[in-house]
Amino acid sequence: MTTSTPTSPAYILNLSCPDRTGIVHAVSGFLLERGANIEEAAQYNDHDTGLFFMRVRFACGDHSEATLREELKTFAAGFGMTLQLHAAAEPMKTVILVSKEGHCLNDLLFRWKSGLLAIDVRAIISNHRDFYQLAASYNVPFHHIPMTAATKAQAEAKQLEIIEAEGAELVVLARYMQILSDNLCRNLAGRAINIHHSFLPSFKGAKPYYQAHDRGVKLIGATAHYVTADLDEGPIIEQDVARADHTDTVEDLTARGRDTESQVLARAVKWHSEHRVLLNGHRTVVFR
(Lines give C-alpha, C1' and ligand atoms only; values in the text may rest on other atoms or scores of the structure.)
Protein backbone atom coordinates (compact mmCIF):
# COMPACT_ATOMS: atom_id res chain seq x y z
CA MET A 1 0.00 0.00 0.00
CA THR A 2 1.53 3.34 -1.03
CA THR A 3 0.58 6.94 -0.42
CA SER A 4 1.02 8.01 -4.05
CA THR A 5 -2.03 9.40 -5.82
CA PRO A 6 -3.00 9.75 -9.48
CA THR A 7 -1.71 13.33 -9.24
CA SER A 8 1.70 12.35 -7.88
CA PRO A 9 4.60 13.44 -10.11
CA ALA A 10 5.86 10.67 -12.40
CA TYR A 11 9.53 9.88 -12.98
CA ILE A 12 11.56 7.62 -15.22
CA LEU A 13 14.60 5.89 -13.76
CA ASN A 14 17.18 4.36 -16.11
CA LEU A 15 20.07 2.36 -14.72
CA SER A 16 22.84 -0.01 -15.69
CA CYS A 17 25.37 -1.89 -13.59
CA PRO A 18 27.25 -5.18 -13.34
CA ASP A 19 24.69 -7.97 -13.10
CA ARG A 20 24.14 -9.66 -9.74
CA THR A 21 21.27 -11.14 -7.80
CA GLY A 22 18.84 -8.90 -6.00
CA ILE A 23 18.98 -5.75 -8.15
CA VAL A 24 15.27 -5.72 -9.06
CA HIS A 25 14.37 -6.45 -5.43
CA ALA A 26 16.62 -3.62 -4.24
CA VAL A 27 15.23 -1.08 -6.74
CA SER A 28 11.65 -2.04 -5.91
CA GLY A 29 12.39 -1.83 -2.21
CA PHE A 30 14.02 1.56 -2.54
CA LEU A 31 10.94 2.93 -4.29
CA LEU A 32 8.51 1.24 -1.90
CA GLU A 33 10.27 2.75 1.11
CA ARG A 34 9.69 6.19 -0.37
CA GLY A 35 6.00 5.67 -1.03
CA ALA A 36 6.44 5.34 -4.80
CA ASN A 37 4.13 3.37 -7.07
CA ILE A 38 5.77 1.54 -9.98
CA GLU A 39 3.74 2.08 -13.17
CA GLU A 40 6.01 0.40 -15.74
CA ALA A 41 9.21 -1.64 -15.50
CA ALA A 42 11.50 -3.44 -17.94
CA GLN A 43 14.88 -5.10 -17.53
CA TYR A 44 17.57 -6.82 -19.58
CA ASN A 45 20.55 -8.96 -18.61
CA ASP A 46 23.33 -8.91 -21.22
CA HIS A 47 25.07 -12.24 -20.73
CA ASP A 48 27.83 -11.26 -23.17
CA THR A 49 28.98 -8.26 -21.15
CA GLY A 50 27.64 -9.17 -17.70
CA LEU A 51 25.70 -5.92 -17.52
CA PHE A 52 22.18 -5.35 -16.23
CA PHE A 53 19.85 -2.67 -17.60
CA MET A 54 16.54 -1.43 -16.19
CA ARG A 55 13.93 1.25 -16.89
CA VAL A 56 11.30 2.06 -14.29
CA ARG A 57 8.49 4.60 -14.48
CA PHE A 58 7.06 5.42 -11.08
CA ALA A 59 4.88 8.00 -9.34
CA CYS A 60 5.97 9.53 -6.06
CA GLY A 61 4.34 12.36 -4.17
CA ASP A 62 6.11 11.91 -0.82
CA HIS A 63 9.54 13.18 -1.84
CA SER A 64 10.84 15.97 -4.06
CA GLU A 65 12.83 15.29 -7.21
CA ALA A 66 15.92 16.75 -5.54
CA THR A 67 15.56 14.39 -2.56
CA LEU A 68 15.10 11.39 -4.83
CA ARG A 69 18.20 12.30 -6.83
CA GLU A 70 20.32 12.65 -3.72
CA GLU A 71 19.15 9.37 -2.20
CA LEU A 72 19.56 7.55 -5.52
CA LYS A 73 23.24 8.55 -5.58
CA THR A 74 23.84 6.74 -2.31
CA PHE A 75 21.78 3.76 -3.47
CA ALA A 76 23.66 3.52 -6.78
CA ALA A 77 27.08 3.51 -5.15
CA GLY A 78 26.40 0.13 -3.56
CA PHE A 79 25.84 -1.49 -6.95
CA GLY A 80 28.33 0.44 -9.10
CA MET A 81 25.33 1.80 -10.98
CA THR A 82 25.10 4.44 -13.65
CA LEU A 83 21.62 5.92 -13.40
CA GLN A 84 19.51 8.80 -14.63
CA LEU A 85 16.27 10.20 -13.21
CA HIS A 86 13.91 12.15 -15.45
CA ALA A 87 10.64 13.95 -14.74
CA ALA A 88 8.20 12.14 -17.05
CA ALA A 89 6.03 15.20 -17.70
CA GLU A 90 8.86 17.31 -19.12
CA PRO A 91 9.11 17.22 -22.94
CA MET A 92 12.64 16.86 -24.24
CA LYS A 93 14.13 20.09 -25.59
CA THR A 94 15.10 19.37 -29.19
CA VAL A 95 16.97 21.08 -32.02
CA ILE A 96 16.59 19.77 -35.57
CA LEU A 97 19.23 20.05 -38.31
CA VAL A 98 18.16 19.75 -41.94
CA SER A 99 19.50 20.43 -45.45
CA LYS A 100 17.40 20.33 -48.64
CA GLU A 101 15.26 17.21 -48.13
CA GLY A 102 12.37 18.04 -45.80
CA HIS A 103 10.35 14.83 -45.47
CA CYS A 104 11.76 13.89 -42.05
CA LEU A 105 11.57 17.46 -40.74
CA ASN A 106 7.96 17.84 -41.87
CA ASP A 107 7.02 14.50 -40.32
CA LEU A 108 8.65 15.30 -36.97
CA LEU A 109 7.05 18.73 -36.75
CA PHE A 110 3.60 17.31 -37.49
CA ARG A 111 3.98 14.51 -34.93
CA TRP A 112 5.25 16.98 -32.34
CA LYS A 113 2.35 19.39 -32.80
CA SER A 114 -0.09 16.46 -32.83
CA GLY A 115 1.13 15.43 -29.38
CA LEU A 116 2.67 12.18 -30.64
CA LEU A 117 6.23 12.97 -29.55
CA ALA A 118 7.40 13.99 -26.08
CA ILE A 119 9.67 16.70 -27.44
CA ASP A 120 9.80 20.50 -27.50
CA VAL A 121 11.30 21.70 -30.78
CA ARG A 122 13.28 24.79 -29.81
CA ALA A 123 15.03 25.56 -33.10
CA ILE A 124 15.71 24.40 -36.64
CA ILE A 125 19.19 24.85 -38.08
CA SER A 126 19.93 24.51 -41.79
CA ASN A 127 22.72 25.16 -44.25
CA HIS A 128 20.02 26.15 -46.76
CA ARG A 129 17.00 28.49 -46.64
CA ASP A 130 14.48 26.04 -48.10
CA PHE A 131 12.43 25.39 -44.97
CA TYR A 132 12.27 28.74 -43.21
CA GLN A 133 8.58 29.06 -44.12
CA LEU A 134 7.83 25.56 -42.79
CA ALA A 135 9.58 26.49 -39.53
CA ALA A 136 7.60 29.74 -39.33
CA SER A 137 4.31 27.88 -39.81
CA TYR A 138 5.11 25.94 -36.63
CA ASN A 139 6.42 29.07 -34.87
CA VAL A 140 9.90 27.57 -34.52
CA PRO A 141 13.01 29.78 -34.81
CA PHE A 142 14.92 29.04 -38.04
CA HIS A 143 18.68 29.56 -38.19
CA HIS A 144 20.31 29.64 -41.62
CA ILE A 145 24.01 28.83 -41.23
CA PRO A 146 25.72 28.36 -44.60
CA MET A 147 28.69 26.03 -44.59
CA THR A 148 31.74 25.60 -46.79
CA ALA A 149 34.99 23.76 -46.17
CA ALA A 150 36.58 27.09 -45.25
CA THR A 151 33.82 28.10 -42.78
CA LYS A 152 33.01 24.68 -41.30
CA ALA A 153 34.64 25.31 -37.90
CA GLN A 154 32.93 28.69 -37.42
CA ALA A 155 29.59 27.35 -38.65
CA GLU A 156 29.71 24.39 -36.26
CA ALA A 157 30.65 26.68 -33.38
CA LYS A 158 27.55 28.74 -34.14
CA GLN A 159 25.41 25.58 -34.33
CA LEU A 160 26.69 24.38 -30.96
CA GLU A 161 26.09 27.81 -29.45
CA ILE A 162 22.41 27.62 -30.50
CA ILE A 163 22.08 24.02 -29.29
CA GLU A 164 23.49 24.88 -25.86
CA ALA A 165 21.53 28.14 -25.58
CA GLU A 166 18.30 26.20 -26.15
CA GLY A 167 19.30 23.62 -23.55
CA ALA A 168 18.80 20.87 -26.12
CA GLU A 169 18.79 17.35 -24.72
CA LEU A 170 18.30 15.96 -28.23
CA VAL A 171 19.67 16.97 -31.62
CA VAL A 172 18.06 15.35 -34.66
CA LEU A 173 19.85 15.22 -38.00
CA ALA A 174 16.75 15.07 -40.17
CA ARG A 175 18.53 14.49 -43.49
CA TYR A 176 21.26 17.00 -42.63
CA MET A 177 23.75 16.37 -45.41
CA GLN A 178 26.95 17.54 -43.77
CA ILE A 179 29.54 15.38 -42.00
CA LEU A 180 29.94 16.57 -38.41
CA SER A 181 33.46 17.18 -37.16
CA ASP A 182 34.93 14.92 -34.47
CA ASN A 183 34.72 17.82 -32.03
CA LEU A 184 30.99 18.38 -32.60
CA CYS A 185 30.35 14.63 -32.41
CA ARG A 186 32.03 14.53 -29.01
CA ASN A 187 29.97 17.49 -27.79
CA LEU A 188 26.74 15.79 -28.90
CA ALA A 189 27.64 12.26 -27.76
CA GLY A 190 24.57 10.30 -26.68
CA ARG A 191 22.09 13.03 -27.62
CA ALA A 192 22.28 13.27 -31.42
CA ILE A 193 20.32 10.97 -33.74
CA ASN A 194 20.94 10.61 -37.47
CA ILE A 195 18.85 8.93 -40.19
CA HIS A 196 20.08 7.50 -43.46
CA HIS A 197 19.03 5.00 -46.09
CA SER A 198 20.19 1.40 -45.75
CA PHE A 199 19.98 -0.53 -48.98
CA LEU A 200 20.75 -4.21 -49.34
CA PRO A 201 23.31 -4.14 -50.91
CA SER A 202 24.55 -0.74 -49.74
CA PHE A 203 25.08 2.19 -52.07
CA LYS A 204 27.12 5.16 -50.95
CA GLY A 205 27.81 8.46 -52.63
CA ALA A 206 25.62 10.48 -54.97
CA LYS A 207 22.15 9.39 -56.07
CA PRO A 208 21.85 6.16 -54.06
CA TYR A 209 18.30 5.51 -55.32
CA TYR A 210 19.53 5.60 -58.91
CA GLN A 211 22.29 3.12 -58.01
CA ALA A 212 19.76 0.89 -56.25
CA HIS A 213 17.37 0.99 -59.19
CA ASP A 214 20.19 0.15 -61.56
CA ARG A 215 21.04 -2.93 -59.50
CA GLY A 216 17.41 -4.00 -59.17
CA VAL A 217 17.29 -4.06 -55.37
CA LYS A 218 14.47 -5.95 -53.67
CA LEU A 219 14.81 -4.33 -50.24
CA ILE A 220 15.25 -0.69 -49.28
CA GLY A 221 15.35 0.58 -45.75
CA ALA A 222 16.47 3.15 -43.22
CA THR A 223 18.64 3.24 -40.11
CA ALA A 224 18.43 5.64 -37.16
CA HIS A 225 21.50 5.72 -34.96
CA TYR A 226 23.39 7.87 -32.51
CA VAL A 227 25.99 10.15 -34.04
CA THR A 228 29.64 9.28 -33.51
CA ALA A 229 32.88 10.32 -35.17
CA ASP A 230 32.73 7.09 -37.19
CA LEU A 231 30.45 8.04 -40.08
CA ASP A 232 27.12 6.17 -39.99
CA GLU A 233 28.51 3.63 -37.51
CA GLY A 234 27.04 4.87 -34.22
CA PRO A 235 24.87 2.68 -31.96
CA ILE A 236 21.72 1.70 -33.88
CA ILE A 237 18.35 2.61 -32.35
CA GLU A 238 15.90 1.50 -35.05
CA GLN A 239 15.79 0.08 -38.58
CA ASP A 240 13.11 -0.95 -41.03
CA VAL A 241 12.81 -2.16 -44.61
CA ALA A 242 10.31 -2.01 -47.46
CA ARG A 243 9.97 -4.39 -50.41
CA ALA A 244 10.79 -3.35 -53.96
CA ASP A 245 10.43 -5.14 -57.28
CA HIS A 246 11.22 -4.83 -60.97
CA THR A 247 8.26 -2.53 -61.66
CA ASP A 248 9.49 0.21 -59.33
CA THR A 249 10.88 3.37 -60.88
CA VAL A 250 13.55 5.53 -59.28
CA GLU A 251 10.74 7.83 -58.16
CA ASP A 252 8.91 4.88 -56.54
CA LEU A 253 12.04 3.84 -54.65
CA THR A 254 12.74 7.39 -53.56
CA ALA A 255 9.19 7.92 -52.26
CA ARG A 256 9.15 4.60 -50.43
CA GLY A 257 12.58 5.29 -49.00
CA ARG A 258 11.53 8.70 -47.71
CA ASP A 259 8.47 7.20 -46.02
CA THR A 260 10.62 4.56 -44.36
CA GLU A 261 13.20 7.13 -43.24
CA SER A 262 10.47 9.31 -41.71
CA GLN A 263 8.90 6.42 -39.81
CA VAL A 264 12.19 5.02 -38.53
CA LEU A 265 13.43 8.42 -37.37
CA ALA A 266 10.11 9.18 -35.66
CA ARG A 267 10.28 5.92 -33.72
CA ALA A 268 13.88 6.58 -32.68
CA VAL A 269 13.03 10.10 -31.52
CA LYS A 270 9.97 8.84 -29.65
CA TRP A 271 11.90 6.15 -27.80
CA HIS A 272 14.79 8.47 -26.98
CA SER A 273 12.48 11.23 -25.74
CA GLU A 274 10.67 8.70 -23.53
CA HIS A 275 14.03 7.59 -22.11
CA ARG A 276 13.62 4.08 -23.49
CA VAL A 277 17.09 3.83 -25.06
CA LEU A 278 20.14 2.87 -23.00
CA LEU A 279 23.63 2.72 -24.46
CA ASN A 280 25.35 -0.65 -24.23
CA GLY A 281 28.82 -0.07 -25.64
CA HIS A 282 28.44 0.27 -29.42
CA ARG A 283 24.92 -1.17 -29.21
CA THR A 284 21.66 -0.03 -27.60
CA VAL A 285 19.06 -1.52 -25.29
CA VAL A 286 15.61 -0.27 -26.33
CA PHE A 287 12.76 -0.83 -23.87
CA ARG A 288 9.85 -0.30 -26.28
# chains A, B, ... in the order shown; residues from 1 in each chain; ligands from 1
>>> select_by_dssp(residues="region 56-238 of chain A", states="alpha helix (DSSP H)", output="PyMOL selection string")
chain A and resi 65-77+103-113+132-137+152-165+182-187+208-215
>>> residues_around(residues="region 46-60 of chain A", least_positions_apart="5", cutoff="9 Å", atoms="only C-alpha atoms", output="PyMOL selection string")
chain A and resi 3-20+23-24+31+34-41+88+275-276+278+280+285+287
>>> residues_around(residues="region 211-227 of chain A", least_positions_apart="5", cutoff="8 Å", atoms="only C-alpha atoms", output="ChimeraX atom specification")
/A:185,188-201,203,232-246,248-250,253,257,260-261,264-265,268
>>> residues_around(residues="Val171 (chain A)", least_positions_apart="4", cutoff="6 Å", atoms="only C-alpha atoms", output="PyMOL selection string")
chain A and resi 94-96+192
>>> atom_distance(atom1="CA of Ala157 (chain A)", atom2="CA of His143 (chain A)")
13.2 Å
>>> select_by_dssp(residues="region 64-286 of chain A", states="strand (DSSP E or B)", output="VMD selection string")
chain A and resid 82 to 87 92 to 98 119 to 126 142 to 144 170 to 173 192 to 197 200 219 to 226 236 to 243 277 to 280 283 to 286
>>> atom_distance(atom1="CA of Glu71 (chain A)", atom2="CA of Lys93 (chain A)")
26.2 Å
>>> residues_around(residues="Arg122 (chain A)", least_positions_apart="5", cutoff="10 Å", atoms="only C-alpha atoms", output="PyMOL selection string")
chain A and resi 92-96+139-142+162-163+165-168
>>> write_last_selection(atoms="all heavy atoms", output="JSON list (two decimals), in the first residue's frame")
[["chain", "number", "residue", "atom", "x", "y", "z"],
["A", 92, "MET", "N", 11.20, 16.74, -24.02],
["A", 92, "MET", "CA", 12.64, 16.86, -24.24],
["A", 92, "MET", "C", 12.94, 18.02, -25.20],
["A", 92, "MET", "O", 12.45, 18.05, -26.32],
["A", 92, "MET", "CB", 13.19, 15.55, -24.79],
["A", 92, "MET", "CG", 14.69, 15.52, -24.94],
["A", 92, "MET", "SD", 15.30, 13.85, -25.35],
["A", 92, "MET", "CE", 15.11, 13.03, -23.76],
["A", 93, "LYS", "N", 13.74, 18.95, -24.75],
["A", 93, "LYS", "CA", 14.13, 20.09, -25.59],
["A", 93, "LYS", "C", 14.96, 19.58, -26.76],
["A", 93, "LYS", "O", 15.96, 18.89, -26.57],
["A", 93, "LYS", "CB", 14.91, 21.11, -24.78],
["A", 93, "LYS", "CG", 14.08, 21.78, -23.69],
["A", 93, "LYS", "CD", 14.91, 22.74, -22.87],
["A", 93, "LYS", "CE", 14.07, 23.38, -21.77],
["A", 93, "LYS", "NZ", 14.87, 24.28, -20.90],
["A", 94, "THR", "N", 14.53, 19.95, -27.97],
["A", 94, "THR", "CA", 15.10, 19.37, -29.19],
["A", 94, "THR", "C", 15.45, 20.44, -30.21],
["A", 94, "THR", "O", 14.70, 21.40, -30.39],
["A", 94, "THR", "CB", 14.08, 18.39, -29.81],
["A", 94, "THR", "OG1", 13.78, 17.36, -28.86],
["A", 94, "THR", "CG2", 14.63, 17.75, -31.08],
["A", 95, "VAL", "N", 16.58, 20.25, -30.88],
["A", 95, "VAL", "CA", 16.97, 21.08, -32.02],
["A", 95, "VAL", "C", 17.12, 20.16, -33.22],
["A", 95, "VAL", "O", 17.69, 19.07, -33.12],
["A", 95, "VAL", "CB", 18.30, 21.82, -31.74],
["A", 95, "VAL", "CG1", 18.83, 22.47, -33.02],
["A", 95, "VAL", "CG2", 18.12, 22.87, -30.66],
["A", 96, "ILE", "N", 16.56, 20.58, -34.36],
["A", 96, "ILE", "CA", 16.59, 19.77, -35.57],
["A", 96, "ILE", "C", 17.50, 20.42, -36.61],
["A", 96, "ILE", "O", 17.40, 21.62, -36.86],
["A", 96, "ILE", "CB", 15.18, 19.59, -36.16],
["A", 96, "ILE", "CG1", 14.25, 18.93, -35.12],
["A", 96, "ILE", "CG2", 15.23, 18.74, -37.43],
["A", 96, "ILE", "CD1", 12.80, 18.81, -35.59],
["A", 139, "ASN", "N", 5.93, 28.08, -35.85],
["A", 139, "ASN", "CA", 6.42, 29.07, -34.87],
["A", 139, "ASN", "C", 7.72, 28.61, -34.21],
["A", 139, "ASN", "O", 7.91, 28.78, -33.00],
["A", 139, "ASN", "CB", 5.35, 29.35, -33.80],
["A", 139, "ASN", "CG", 5.60, 30.65, -33.07],
["A", 139, "ASN", "OD1", 6.18, 31.58, -33.63],
["A", 139, "ASN", "ND2", 5.18, 30.72, -31.82],
["A", 140, "VAL", "N", 8.61, 28.03, -35.01],
["A", 140, "VAL", "CA", 9.90, 27.57, -34.52],
["A", 140, "VAL", "C", 11.00, 28.45, -35.10],
["A", 140, "VAL", "O", 11.03, 28.66, -36.32],
["A", 140, "VAL", "CB", 10.15, 26.09, -34.91],
["A", 140, "VAL", "CG1", 11.55, 25.64, -34.46],
["A", 140, "VAL", "CG2", 9.08, 25.19, -34.32],
["A", 141, "PRO", "N", 11.90, 28.97, -34.29],
["A", 141, "PRO", "CA", 13.01, 29.78, -34.81],
["A", 141, "PRO", "C", 13.83, 29.00, -35.84],
["A", 141, "PRO", "O", 14.16, 27.83, -35.61],
["A", 141, "PRO", "CB", 13.84, 30.09, -33.56],
["A", 141, "PRO", "CG", 12.87, 29.98, -32.42],
["A", 141, "PRO", "CD", 11.91, 28.90, -32.80],
["A", 142, "PHE", "N", 14.16, 29.66, -36.96],
["A", 142, "PHE", "CA", 14.92, 29.04, -38.04],
["A", 142, "PHE", "C", 16.26, 29.76, -38.16],
["A", 142, "PHE", "O", 16.30, 30.98, -38.31],
["A", 142, "PHE", "CB", 14.14, 29.13, -39.35],
["A", 142, "PHE", "CG", 14.83, 28.46, -40.52],
["A", 142, "PHE", "CD1", 14.65, 27.11, -40.76],
["A", 142, "PHE", "CD2", 15.64, 29.20, -41.38],
["A", 142, "PHE", "CE1", 15.27, 26.50, -41.85],
["A", 142, "PHE", "CE2", 16.26, 28.60, -42.46],
["A", 142, "PHE", "CZ", 16.08, 27.23, -42.70],
["A", 162, "ILE", "N", 23.88, 27.64, -30.48],
["A", 162, "ILE", "CA", 22.41, 27.62, -30.50],
["A", 162, "ILE", "C", 21.89, 26.42, -29.72],
["A", 162, "ILE", "O", 20.97, 26.52, -28.91],
["A", 162, "ILE", "CB", 21.89, 27.60, -31.94],
["A", 162, "ILE", "CG1", 22.24, 28.90, -32.66],
["A", 162, "ILE", "CG2", 20.38, 27.37, -31.98],
["A", 162, "ILE", "CD1", 22.03, 28.85, -34.16],
["A", 163, "ILE", "N", 22.50, 25.26, -29.96],
["A", 163, "ILE", "CA", 22.08, 24.02, -29.29],
["A", 163, "ILE", "C", 22.18, 24.17, -27.78],
["A", 163, "ILE", "O", 21.26, 23.80, -27.04],
["A", 163, "ILE", "CB", 22.92, 22.84, -29.79],
["A", 163, "ILE", "CG1", 22.56, 22.50, -31.25],
["A", 163, "ILE", "CG2", 22.75, 21.61, -28.90],
["A", 163, "ILE", "CD1", 23.54, 21.59, -31.94],
["A", 165, "ALA", "N", 22.39, 27.06, -26.06],
["A", 165, "ALA", "CA", 21.53, 28.14, -25.58],
["A", 165, "ALA", "C", 20.09, 27.68, -25.42],
["A", 165, "ALA", "O", 19.37, 28.16, -24.53],
["A", 165, "ALA", "CB", 21.59, 29.32, -26.56],
["A", 166, "GLU", "N", 19.66, 26.73, -26.25],
["A", 166, "GLU", "CA", 18.30, 26.20, -26.15],
["A", 166, "GLU", "C", 18.20, 25.08, -25.12],
["A", 166, "GLU", "O", 17.11, 24.56, -24.89],
["A", 166, "GLU", "CB", 17.84, 25.68, -27.52],
["A", 166, "GLU", "CG", 17.70, 26.76, -28.58],
["A", 166, "GLU", "CD", 16.61, 27.77, -28.26],
["A", 166, "GLU", "OE1", 15.82, 27.53, -27.33],
["A", 166, "GLU", "OE2", 16.56, 28.81, -28.95],
["A", 167, "GLY", "N", 19.31, 24.70, -24.53],
["A", 167, "GLY", "CA", 19.30, 23.62, -23.55],
["A", 167, "GLY", "C", 18.89, 22.29, -24.15],
["A", 167, "GLY", "O", 18.25, 21.47, -23.48],
["A", 168, "ALA", "N", 19.26, 22.07, -25.40],
["A", 168, "ALA", "CA", 18.80, 20.87, -26.12],
["A", 168, "ALA", "C", 19.35, 19.59, -25.51],
["A", 168, "ALA", "O", 20.56, 19.44, -25.35],
["A", 168, "ALA", "CB", 19.20, 20.97, -27.59]]
>>> residues_around(residues="Ala149 (chain A)", least_positions_apart="5", cutoff="12 Å", atoms="only C-alpha atoms", output="CSV table (one decimal) with N, CA and C atoms, in the first residue's frame")
chain,number,residue,atom,x,y,z
A,154,GLN,N,33.7,27.6,-37.9
A,154,GLN,CA,32.9,28.7,-37.4
A,154,GLN,C,31.4,28.4,-37.5
A,155,ALA,N,31.0,27.7,-38.5
A,155,ALA,CA,29.6,27.3,-38.6
A,155,ALA,C,29.2,26.4,-37.6
A,156,GLU,N,30.0,25.4,-37.3
A,156,GLU,CA,29.7,24.4,-36.3
A,156,GLU,C,29.7,25.0,-34.9
A,178,GLN,N,25.6,17.1,-44.0
A,178,GLN,CA,27.0,17.5,-43.8
A,178,GLN,C,27.6,16.6,-42.8
A,179,ILE,N,28.8,16.3,-42.9
A,179,ILE,CA,29.5,15.4,-42.0
A,179,ILE,C,30.0,16.2,-40.8
A,180,LEU,N,29.6,15.8,-39.6
A,180,LEU,CA,29.9,16.6,-38.4
A,180,LEU,C,31.4,16.3,-38.1
A,181,SER,N,32.1,17.3,-37.6
A,181,SER,CA,33.5,17.2,-37.2
A,181,SER,C,33.5,16.3,-35.9
>>> atom_distance(atom1="CA of Lys158 (chain A)", atom2="CA of Ile145 (chain A)")
7.9 Å
